[in-house]
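*Asks:* The structure's right below; bear with me while I get my questions together.
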Amino acid sequence: MIYPDLYNCNIAVIGLGYVGLPLAMEFAERKTCNFTGNKMSRNVVGYDSKLSRIKDLKNNIDKTGEKSADELKNKTNIIFTNNPSDILLSDIFIVAVPTPINKKKKPNLKFLETASLLIGETLSSRKSKFIPIIIFESTVYPGATEEFCVPIIENSSGLSYHKDFLCAYSPERMNPGDKTKKLIDIVKITSGCNITCSKWVDEFYRSIIDAGTYMASSIKVAEAAKVIENTQRD
């Protein structure tokens with residue numbers, strides 16, 4: 001099992017909202033690793049199914065207000081697309097789609113299901129010596145990554161979890177519109193499906209997060225941490 005190159009991997013960020021867009025641009029533009037000082041050159045594809053969102057970003061418009069026109073105009077190592085074929089060369093897939101809740105406070109997982117299907121179909125055609133790592137950032141209930149998303153990916157790709165692809169979970173912790181604490185200023189919780197994957201994913205995020213990371217003992221623990229955080233906010 002060959003893991004992607006930590007400093008020179010190809011990344012697809014699926015979902016370009018207030019979480020996905022800053023994350024995609026930070027991975028693309030950070031040139032030096034935070035904790036080793038090694039040079040980095042990561043190619044990022046920012047994918048969103050909404051054509052209007054892609055058109056806006058290509059015209060340097062971010063309606064979420066997270067990125068300025070100048071930041072978008074001067075972006076490097078990243079493309080924006082709604083074409084699934086553009087993520088075929090990716091080694092890392094980061095899912096940052098919304099999981100809205102209804103009036104009964106139950107999560108709507110339709111966007112997560114669509115993203116999982118997209119990844120599964122992509123993996124079935126992907127050819128690389130590196131094992132793909134799928135990292136979920138969307139807010140979910142404990143167990144959702146491996147009990148809801150993984151079976152969809154397996155069924156749509158014909159591949160096997162742990163053998164042909166790996167999964168991880170790192171909950172988004174951004175506060176929309178907060179200009180004082182941005183993505184890189186908030187400690188990132190990370191996790192993976194095994195210890196090697198966990199360590200790789202932790203180093204992957206630590207390379208761009210100035211505030212550092214905290215590696216949880218399992219994916220379920222990381223998922224639960226997000227649920228607790230949301231409960232405390234409420």
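Every chain in the structure tokens has a letter given in the order shown (A, B, ...), and although residue numbers restart at 1 in each chain, ligands are simply numbered from 1 in the order shown.
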Quick one: everything within 7 Å of Val187 of chain A, counting only C-alpha atoms, minus sequence neighbours fewer than 3 positions away in the same chain. Send it as a list of chain:residue names.

*Replies:*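 Here the qualifying residues turn out to be A:Ala211, A:Gly212, A:Thr213, A:Tyr214.
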
*Asks:* Could you write out the selected residues, including all heavy atoms, as an mmCIF file, in the first residue's frame?

*Replies:*
```
data_model
loop_
_atom_site.group_PDB
_atom_site.id
_atom_site.type_symbol
_atom_site.label_atom_id
_atom_site.label_comp_id
_atom_site.auth_asym_id
_atom_site.auth_seq_id
_atom_site.Cartn_x
_atom_site.Cartn_y
_atom_site.Cartn_z
ATOM 1 N N ALA A 211 -2.328 26.778 13.838
ATOM 2 C CA ALA A 211 -2.707 26.507 15.224
ATOM 3 C C ALA A 211 -2.409 25.066 15.646
ATOM 4 O O ALA A 211 -2.471 24.739 16.829
ATOM 5 C CB ALA A 211 -4.195 26.801 15.430
ATOM 6 N N GLY A 212 -2.084 24.202 14.682
ATOM 7 C CA GLY A 212 -1.767 22.811 14.998
ATOM 8 C C GLY A 212 -2.963 21.886 14.850
ATOM 9 O O GLY A 212 -4.060 22.308 14.461
ATOM 10 N N THR A 213 -2.746 20.627 15.162
ATOM 11 C CA THR A 213 -3.782 19.603 15.016
ATOM 12 C C THR A 213 -3.891 18.761 16.279
ATOM 13 O O THR A 213 -2.995 18.760 17.123
ATOM 14 C CB THR A 213 -3.469 18.660 13.837
ATOM 15 O OG1 THR A 213 -2.192 18.039 14.071
ATOM 16 C CG2 THR A 213 -3.428 19.415 12.523
ATOM 17 N N TYR A 214 -4.995 18.035 16.368
ATOM 18 C CA TYR A 214 -5.175 17.053 17.444
ATOM 19 C C TYR A 214 -5.681 15.769 16.810
ATOM 20 O O TYR A 214 -6.755 15.749 16.204
ATOM 21 C CB TYR A 214 -6.174 17.545 18.488
ATOM 22 C CG TYR A 214 -6.443 16.515 19.559
ATOM 23 C CD1 TYR A 214 -5.569 16.360 20.632
ATOM 24 C CD2 TYR A 214 -7.548 15.665 19.476
ATOM 25 C CE1 TYR A 214 -5.793 15.398 21.600
ATOM 26 C CE2 TYR A 214 -7.780 14.696 20.439
ATOM 27 C CZ TYR A 214 -6.901 14.565 21.498
ATOM 28 O OH TYR A 214 -7.123 13.605 22.457
#
```

*Asks:* Find the spatial neighbours of segment 6-10 of chain A, counting only C-alpha atoms, within a cut-off of 7 Å - ignore same-chain residues fewer than 3 positions away - and output them as a PyMOL selection string.

*Replies:* chain A and resi 40-44+89-92+204

*Asks:* Would you mind writing down, as a ChimeraX atom specification, each residue of segment 48-231 of chain A that DSSP on the backbone assigns to helix (DSSP H, G or I)?

*Replies:* /A:51-58,69-73,84-87,110-125,144-157,183-185,195-206,219-231

*Asks:* Excluding same-chain residues fewer than 2 positions from Thr122 of chain A, what lies within 8 Å of it counting only C-alpha atoms, as a PDB file with N, CA and C atoms, in the first residue's frame?

*Replies:*
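Once written, out30.pdb looks like this:
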```pdb
ATOM      1  N   PRO A  84     -16.819  16.185 -13.482  1.00  0.00           N
ATOM      2  CA  PRO A  84     -16.272  15.074 -12.700  1.00  0.00           C
ATOM      3  C   PRO A  84     -14.961  14.512 -13.250  1.00  0.00           C
ATOM      4  N   SER A  85     -14.747  14.591 -14.555  1.00  0.00           N
ATOM      5  CA  SER A  85     -13.519  14.033 -15.131  1.00  0.00           C
ATOM      6  C   SER A  85     -12.273  14.776 -14.658  1.00  0.00           C
ATOM      7  N   ILE A  87     -11.421  15.426 -11.694  1.00  0.00           N
ATOM      8  CA  ILE A  87     -10.890  14.936 -10.414  1.00  0.00           C
ATOM      9  C   ILE A  87     -10.313  13.522 -10.526  1.00  0.00           C
ATOM     10  N   LEU A  88     -10.219  13.021 -11.750  1.00  0.00           N
ATOM     11  CA  LEU A  88      -9.748  11.644 -11.962  1.00  0.00           C
ATOM     12  C   LEU A  88      -8.310  11.421 -11.507  1.00  0.00           C
ATOM     13  N   LEU A 118     -20.166  10.207  -6.371  1.00  0.00           N
ATOM     14  CA  LEU A 118     -19.195  10.813  -7.288  1.00  0.00           C
ATOM     15  C   LEU A 118     -17.810  10.233  -7.073  1.00  0.00           C
ATOM     16  N   ILE A 119     -17.418  10.113  -5.825  1.00  0.00           N
ATOM     17  CA  ILE A 119     -16.090   9.578  -5.510  1.00  0.00           C
ATOM     18  C   ILE A 119     -15.994   8.113  -5.923  1.00  0.00           C
ATOM     19  N   GLY A 120     -17.030   7.350  -5.623  1.00  0.00           N
ATOM     20  CA  GLY A 120     -17.023   5.942  -5.999  1.00  0.00           C
ATOM     21  C   GLY A 120     -16.877   5.754  -7.497  1.00  0.00           C
ATOM     22  N   SER A 124     -13.542   4.143  -9.594  1.00  0.00           N
ATOM     23  CA  SER A 124     -13.662   2.991 -10.497  1.00  0.00           C
ATOM     24  C   SER A 124     -12.888   3.203 -11.794  1.00  0.00           C
ATOM     25  N   SER A 125     -12.628   4.474 -12.143  1.00  0.00           N
ATOM     26  CA  SER A 125     -11.892   4.789 -13.374  1.00  0.00           C
ATOM     27  C   SER A 125     -10.489   5.310 -13.104  1.00  0.00           C
ATOM     28  N   ARG A 126     -10.181   5.573 -11.862  1.00  0.00           N
ATOM     29  CA  ARG A 126      -8.904   6.187 -11.499  1.00  0.00           C
ATOM     30  C   ARG A 126      -7.763   5.183 -11.619  1.00  0.00           C
ATOM     31  N   SER A 157     -18.084   1.911  -6.746  1.00  0.00           N
ATOM     32  CA  SER A 157     -16.746   1.739  -7.336  1.00  0.00           C
ATOM     33  C   SER A 157     -16.385   0.284  -7.603  1.00  0.00           C
TER      34      SER A 157
END
```

*Asks:* Which polymer residues have any atom within 12 Å of an atom of Ser198 of chain A, counting only C-alpha atoms, with same-chain residues fewer than 5 positions away left out, as a PyMOL selection string?

*Replies:* chain A and resi 3+133-135+166-170+189-193+203-205+213-219+222

*Asks:* Export N, CA and C atoms of the chosen residues as a short mmCIF file (atom, residue, chain, number, x, y, z; two decimals), in the first residue's frame?

*Replies:*
```
data_model
loop_
_atom_site.label_atom_id
_atom_site.label_comp_id
_atom_site.auth_asym_id
_atom_site.auth_seq_id
_atom_site.Cartn_x
_atom_site.Cartn_y
_atom_site.Cartn_z
N TYR A 3 1.21 5.21 0.05
CA TYR A 3 0.48 6.44 0.38
C TYR A 3 0.93 7.57 -0.55
N ILE A 133 -7.15 8.49 -0.54
CA ILE A 133 -7.61 8.76 0.82
C ILE A 133 -8.77 9.74 0.73
N ILE A 134 -9.90 9.37 1.29
CA ILE A 134 -11.10 10.20 1.26
C ILE A 134 -11.33 10.77 2.65
N ILE A 135 -11.30 12.09 2.75
CA ILE A 135 -11.44 12.76 4.03
C ILE A 135 -12.77 13.51 4.05
N LEU A 166 -8.94 4.36 1.45
CA LEU A 166 -8.96 4.64 2.88
C LEU A 166 -9.85 5.85 3.15
N CYS A 167 -10.36 5.93 4.36
CA CYS A 167 -11.19 7.08 4.73
C CYS A 167 -10.68 7.72 6.02
N ALA A 168 -11.02 8.97 6.16
CA ALA A 168 -10.64 9.74 7.35
C ALA A 168 -11.74 10.75 7.62
N TYR A 169 -11.69 11.35 8.80
CA TYR A 169 -12.66 12.40 9.14
C TYR A 169 -11.95 13.50 9.90
N SER A 170 -12.19 14.73 9.45
CA SER A 170 -11.63 15.90 10.11
C SER A 170 -12.70 16.99 10.10
N ILE A 189 -9.02 18.94 14.33
CA ILE A 189 -9.14 17.56 14.80
C ILE A 189 -9.04 16.64 13.59
N THR A 190 -8.22 15.60 13.70
CA THR A 190 -8.03 14.68 12.58
C THR A 190 -8.25 13.24 13.02
N SER A 191 -8.45 12.35 12.06
CA SER A 191 -8.60 10.92 12.36
C SER A 191 -8.45 10.14 11.07
N GLY A 192 -8.25 8.83 11.19
CA GLY A 192 -8.15 7.97 10.03
C GLY A 192 -8.63 6.57 10.36
N CYS A 193 -8.75 5.74 9.33
CA CYS A 193 -9.31 4.40 9.51
C CYS A 193 -8.31 3.40 10.07
N GLU A 203 -0.57 14.80 9.63
CA GLU A 203 0.55 15.57 9.07
C GLU A 203 0.10 16.39 7.86
N PHE A 204 -0.82 15.84 7.11
CA PHE A 204 -1.37 16.53 5.93
C PHE A 204 -2.00 17.86 6.35
N TYR A 205 -2.82 17.84 7.37
CA TYR A 205 -3.46 19.08 7.84
C TYR A 205 -2.48 19.96 8.61
N THR A 213 -2.75 20.63 15.16
CA THR A 213 -3.78 19.60 15.02
C THR A 213 -3.89 18.76 16.28
N TYR A 214 -5.00 18.03 16.37
CA TYR A 214 -5.18 17.05 17.44
C TYR A 214 -5.68 15.77 16.81
N MET A 215 -4.92 14.69 16.93
CA MET A 215 -5.29 13.42 16.31
C MET A 215 -6.19 12.62 17.24
N ALA A 216 -7.43 12.42 16.85
CA ALA A 216 -8.38 11.63 17.63
C ALA A 216 -8.07 10.15 17.50
N SER A 217 -8.58 9.37 18.43
CA SER A 217 -8.26 7.94 18.47
C SER A 217 -8.99 7.13 17.40
N SER A 218 -10.06 7.68 16.84
CA SER A 218 -10.81 6.97 15.80
C SER A 218 -11.68 7.96 15.04
N ILE A 219 -12.22 7.51 13.92
CA ILE A 219 -13.12 8.34 13.12
C ILE A 219 -14.36 8.68 13.93
N ALA A 222 -13.75 11.48 16.37
CA ALA A 222 -13.68 12.78 15.68
C ALA A 222 -15.07 13.26 15.27
#
```

*Asks:* What are the DSSP strand (DSSP E) residues of segment 15-73 of chain A, as a ChimeraX atom specification?

*Replies:* /A:43-47

*Asks:* Deliver the residues from the most recent selection as a file, using N, CA and C atoms, as a short mmCIF file (atom, residue, chain, number, x, y, z; two decimals), in the first residue's frame.

*Replies:*
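And here is the file that came out, selection_28.cif:
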```
data_model
loop_
_atom_site.label_atom_id
_atom_site.label_comp_id
_atom_site.auth_asym_id
_atom_site.auth_seq_id
_atom_site.Cartn_x
_atom_site.Cartn_y
_atom_site.Cartn_z
N ASN A 43 -1.31 20.18 -6.31
CA ASN A 43 -2.27 20.59 -7.34
C ASN A 43 -3.68 20.31 -6.84
N VAL A 44 -4.51 21.32 -6.84
CA VAL A 44 -5.85 21.21 -6.25
C VAL A 44 -6.92 21.45 -7.31
N VAL A 45 -7.94 20.60 -7.27
CA VAL A 45 -9.13 20.80 -8.08
C VAL A 45 -10.28 21.11 -7.12
N GLY A 46 -10.86 22.28 -7.26
CA GLY A 46 -12.03 22.63 -6.48
C GLY A 46 -13.27 22.29 -7.28
N TYR A 47 -14.04 21.32 -6.77
CA TYR A 47 -15.22 20.83 -7.51
C TYR A 47 -16.50 21.24 -6.81
#
```

*Asks:* Could you give me, as a list in words, the residues within 10 Å of Ala144 of chain A, counting only C-alpha atoms and dropping anything in the same chain fewer than 4 positions from it?

*Replies:*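 Everything that qualifies: Leu109, Leu112, Phe136, Thr139, Val140, Phe148, Cys149, Val150, Ile219, Lys220 and Glu223 of chain A.
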
*Asks:* Quote the spacing between atom CA of Ala225 of chain A and atom CA of Ser207 of chain A in Å to one decimal place.

*Replies:*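 Between these atoms lies a distance of 21.8 Å.
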
*Asks:* Report, in Å to a single decimal, how far apart atom CA of Ile184 of chain A and atom CA of Pro22 of chain A are.

*Replies:*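 Going from atom CA of Pro22 of chain A over to atom CA of Ile184 of chain A covers 9.5 Å.
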
*Asks:* For Ala224 of chain A, which residue among A:Tyr18, A:Tyr141, A:Phe35, A:Phe80 is the nearest when counting only C-alpha atoms?

*Replies:*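 Of all the options, A:Tyr141 lies closest to Ala224 of chain A.
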